[in-house]
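Enquirer: Here's a structure for you.
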Amino acid sequence: MNDKSTIRDILLAVAIILAAAAFYIGNRIINRAPAVIVEVSVDGVISQEIDLSKDGEYIIQGYSNGSNTLVIENGQAWIADATCPDKVCIHQGKINRSGEMIVCLPNLMIAKIVGEEE
């Protein structure tokens, strides 16, 4: 009885590992489009589309007079400064792959990397 349980446990572990690998590979395939622009939306409305190949700093006016400073440098985007109280958006780090995003809930701002249209 103990041998059957061990075999089942091993098969379950292998199945979980294979499923995780399939999800990882699927995600990489879906998001492999080259990053082209940062799509910035405030309160659900796209306010700017910024080219990732052009370095610069952009002030994003958020909800209720809040603002975020979006920096684009070397094909990466990140939030350098924000007026929100918790500053979580600053700590989300740099993004550069299609589908990645930075969210600032207090300012209702989302900066999302968008790949090339096919």
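Ordered as shown in the structure tokens, chains take letters A, B, and onward, while each chain numbers its residues from 1 and ligands are numbered from 1 in the order shown.
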Per residue of region 32-80 of chain A within 6 Å of region 91-111 of chain A, note the shortest atom pair and the distance in Å to one decimal, counting only C-alpha atoms, and order the rows by chain and increasing residue number, as JSON lines.

Expert:
{"residue": "A:Ala35", "atom": "CA", "partner": "A:Ser98", "partner_atom": "CA", "distance": 5.1}
{"residue": "A:Glu39", "atom": "CA", "partner": "A:Ala111", "partner_atom": "CA", "distance": 5.7}
{"residue": "A:Val40", "atom": "CA", "partner": "A:Ala111", "partner_atom": "CA", "distance": 4.4}
{"residue": "A:Ser41", "atom": "CA", "partner": "A:Ile110", "partner_atom": "CA", "distance": 5.3}
{"residue": "A:Val42", "atom": "CA", "partner": "A:Met109", "partner_atom": "CA", "distance": 4.5}
{"residue": "A:Asp43", "atom": "CA", "partner": "A:Leu108", "partner_atom": "CA", "distance": 5.0}
{"residue": "A:Gly62", "atom": "CA", "partner": "A:Asn107", "partner_atom": "CA", "distance": 4.7}
{"residue": "A:Tyr63", "atom": "CA", "partner": "A:Asn107", "partner_atom": "CA", "distance": 4.7}
{"residue": "A:Gly66", "atom": "CA", "partner": "A:Asn107", "partner_atom": "CA", "distance": 5.5}
{"residue": "A:Gln76", "atom": "CA", "partner": "A:Asn96", "partner_atom": "CA", "distance": 4.8}
{"residue": "A:Ala77", "atom": "CA", "partner": "A:Ile95", "partner_atom": "CA", "distance": 5.4}
{"residue": "A:Trp78", "atom": "CA", "partner": "A:Lys94", "partner_atom": "CA", "distance": 4.7}

Enquirer: Determine which residues of chain A DSSP labels as alpha helix (DSSP H) from the backbone of this structure, then write them out as a list in words.

Expert: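 Restricting chain A to alpha helix (DSSP H) produces Asn2, Asp3, Lys4, Ser5, Thr6, Ile7, Arg8, Asp9, Ile10, Leu11, Leu12, Ala13, Val14, Ala15, Ile16, Ile17, Leu18, Ala19, Ala20, Ala21, Ala22, Phe23, Tyr24, Ile25, Gly26, Asn27, Arg28, Ile29 and Ile30 of chain A.
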
Enquirer: Would you save the residues of that selection, restricted to N, CA, C and O atoms, as a CSV table (one decimal), in the first residue's frame?

Expert:
chain,number,residue,atom,x,y,z
A,2,ASN,N,2.0,1.2,0.7
A,2,ASN,CA,2.9,2.4,0.8
A,2,ASN,C,3.5,2.7,-0.6
A,2,ASN,O,3.8,3.8,-0.9
A,3,ASP,N,3.9,1.6,-1.3
A,3,ASP,CA,4.5,1.8,-2.6
A,3,ASP,C,3.5,2.5,-3.6
A,3,ASP,O,4.0,3.4,-4.4
A,4,LYS,N,2.2,2.2,-3.6
A,4,LYS,CA,1.3,2.8,-4.5
A,4,LYS,C,1.1,4.3,-4.1
A,4,LYS,O,1.0,5.2,-5.0
A,5,SER,N,1.1,4.7,-2.8
A,5,SER,CA,1.0,6.1,-2.4
A,5,SER,C,2.3,6.8,-2.9
A,5,SER,O,2.1,8.0,-3.3
A,6,THR,N,3.4,6.2,-2.8
A,6,THR,CA,4.7,6.9,-3.2
A,6,THR,C,4.6,7.1,-4.7
A,6,THR,O,5.0,8.2,-5.2
A,7,ILE,N,4.2,6.2,-5.5
A,7,ILE,CA,4.1,6.3,-7.0
A,7,ILE,C,3.1,7.4,-7.3
A,7,ILE,O,3.4,8.2,-8.2
A,8,ARG,N,2.0,7.4,-6.7
A,8,ARG,CA,1.0,8.5,-6.9
A,8,ARG,C,1.5,9.9,-6.6
A,8,ARG,O,1.3,10.8,-7.3
A,9,ASP,N,2.2,10.0,-5.5
A,9,ASP,CA,2.8,11.2,-5.1
A,9,ASP,C,3.8,11.7,-6.1
A,9,ASP,O,3.9,12.9,-6.5
A,10,ILE,N,4.6,10.8,-6.6
A,10,ILE,CA,5.6,11.2,-7.6
A,10,ILE,C,4.9,11.6,-8.9
A,10,ILE,O,5.3,12.6,-9.5
A,11,LEU,N,3.9,10.9,-9.3
A,11,LEU,CA,3.2,11.2,-10.6
A,11,LEU,C,2.5,12.6,-10.4
A,11,LEU,O,2.5,13.4,-11.3
A,12,LEU,N,1.9,12.8,-9.2
A,12,LEU,CA,1.3,14.1,-9.0
A,12,LEU,C,2.3,15.3,-9.0
A,12,LEU,O,2.1,16.3,-9.7
A,13,ALA,N,3.5,15.1,-8.5
A,13,ALA,CA,4.5,16.1,-8.5
A,13,ALA,C,5.0,16.3,-9.9
A,13,ALA,O,5.2,17.5,-10.3
A,14,VAL,N,5.2,15.3,-10.7
A,14,VAL,CA,5.6,15.4,-12.1
A,14,VAL,C,4.5,16.2,-12.9
A,14,VAL,O,4.8,17.1,-13.7
A,15,ALA,N,3.2,15.8,-12.6
A,15,ALA,CA,2.1,16.5,-13.3
A,15,ALA,C,2.1,18.0,-13.0
A,15,ALA,O,1.9,18.9,-13.9
A,16,ILE,N,2.3,18.4,-11.8
A,16,ILE,CA,2.3,19.8,-11.3
A,16,ILE,C,3.5,20.5,-12.0
A,16,ILE,O,3.3,21.6,-12.5
A,17,ILE,N,4.6,19.9,-12.0
A,17,ILE,CA,5.8,20.5,-12.7
A,17,ILE,C,5.6,20.7,-14.2
A,17,ILE,O,5.9,21.8,-14.7
A,18,LEU,N,5.0,19.7,-14.8
A,18,LEU,CA,4.7,19.8,-16.3
A,18,LEU,C,3.7,20.9,-16.5
A,18,LEU,O,3.8,21.7,-17.5
A,19,ALA,N,2.7,21.0,-15.7
A,19,ALA,CA,1.7,22.1,-15.9
A,19,ALA,C,2.3,23.5,-15.7
A,19,ALA,O,2.0,24.4,-16.4
A,20,ALA,N,3.1,23.6,-14.7
A,20,ALA,CA,3.8,24.9,-14.4
A,20,ALA,C,4.7,25.3,-15.6
A,20,ALA,O,4.7,26.4,-16.0
A,21,ALA,N,5.4,24.3,-16.1
A,21,ALA,CA,6.3,24.5,-17.3
A,21,ALA,C,5.5,24.9,-18.5
A,21,ALA,O,5.8,25.8,-19.2
A,22,ALA,N,4.3,24.3,-18.7
A,22,ALA,CA,3.4,24.6,-19.8
A,22,ALA,C,2.9,26.1,-19.7
A,22,ALA,O,2.9,26.8,-20.7
A,23,PHE,N,2.5,26.5,-18.5
A,23,PHE,CA,2.0,27.8,-18.3
A,23,PHE,C,3.1,28.8,-18.5
A,23,PHE,O,2.9,29.9,-19.1
A,24,TYR,N,4.3,28.5,-18.0
A,24,TYR,CA,5.5,29.4,-18.2
A,24,TYR,C,5.8,29.6,-19.7
A,24,TYR,O,6.0,30.7,-20.2
A,25,ILE,N,5.9,28.5,-20.4
A,25,ILE,CA,6.2,28.6,-21.9
A,25,ILE,C,5.1,29.3,-22.6
A,25,ILE,O,5.4,30.1,-23.5
A,26,GLY,N,3.9,29.0,-22.3
A,26,GLY,CA,2.7,29.7,-22.9
A,26,GLY,C,2.8,31.2,-22.7
A,26,GLY,O,2.6,32.0,-23.6
A,27,ASN,N,3.1,31.6,-21.5
A,27,ASN,CA,3.2,33.0,-21.1
A,27,ASN,C,4.4,33.7,-21.9
A,27,ASN,O,4.2,34.8,-22.4
A,28,ARG,N,5.5,33.0,-22.1
A,28,ARG,CA,6.6,33.6,-22.8
A,28,ARG,C,6.3,33.7,-24.3
A,28,ARG,O,6.7,34.7,-24.9
A,29,ILE,N,5.5,32.8,-24.8
A,29,ILE,CA,5.1,32.8,-26.2
A,29,ILE,C,4.1,34.0,-26.5
A,29,ILE,O,4.3,34.8,-27.4
A,30,ILE,N,3.1,34.1,-25.6
A,30,ILE,CA,2.1,35.2,-25.7
A,30,ILE,C,2.8,36.6,-25.6
A,30,ILE,O,2.4,37.5,-26.3

Enquirer: Expressed in Å to a single decimal, how great is the separation between CA of Asp86 (chain A) and CA of Glu57 (chain A)?

Expert: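 If I compute the distance from CA of Asp86 (chain A) to CA of Glu57 (chain A), I get 21.2 Å.
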
Enquirer: Once DSSP has gone over the backbone, tell me which residues of region 8-91 of chain A are in strand (DSSP E), as a ChimeraX atom specification.

Expert: /A:35-42,45-51,56-61,67-73,76-82

Enquirer: Calculated over only C-alpha atoms, which of the candidates A:Ile50, A:Ile90, A:Ile72, A:Cys84 has the smallest distance to Val36 (chain A)?

Expert: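 Counting only C-alpha atoms, the residue closest to Val36 (chain A) is A:Ile50.
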
Enquirer: Check the smallest atom-to-atom distance from each of A:Lys112, A:Pro85, A:Ile79, A:Thr69 to Ile46 (chain A) using only C-alpha atoms, then report the winner.

Expert: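 Once distances to Ile46 (chain A) are computed over only C-alpha atoms, the minimum belongs to A:Lys112.
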
Enquirer: At a cut-off of 8 Å, using only C-alpha atoms, what residues contact Thr83 (chain A)? Leave out same-chain residues fewer than 4 positions from it and give the result as a list in words.

Expert: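 Result of the neighbour search: Gly66, Ser67, Asn68 and Lys87 of chain A.
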
Enquirer: For Ile113 (chain A), which residue out of A:Ser64, A:Glu73, A:Asp51, A:Gly44 is the nearest one, using only C-alpha atoms?

Expert: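 Looking at the shortest contact to Ile113 (chain A), the residue is A:Asp51.
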
Enquirer: Between CA of Glu49 (chain A) and CA of Val88 (chain A), what is the distance in Å, rounded to a tenth?

Expert: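 Distance reported for this atom pair: 22.4 Å.
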
Enquirer: Suppose you want the space between CA of Ala80 (chain A) and CA of Val114 (chain A); what is it in Å?

Expert: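 Going from CA of Ala80 (chain A) over to CA of Val114 (chain A) covers 20.2 Å.
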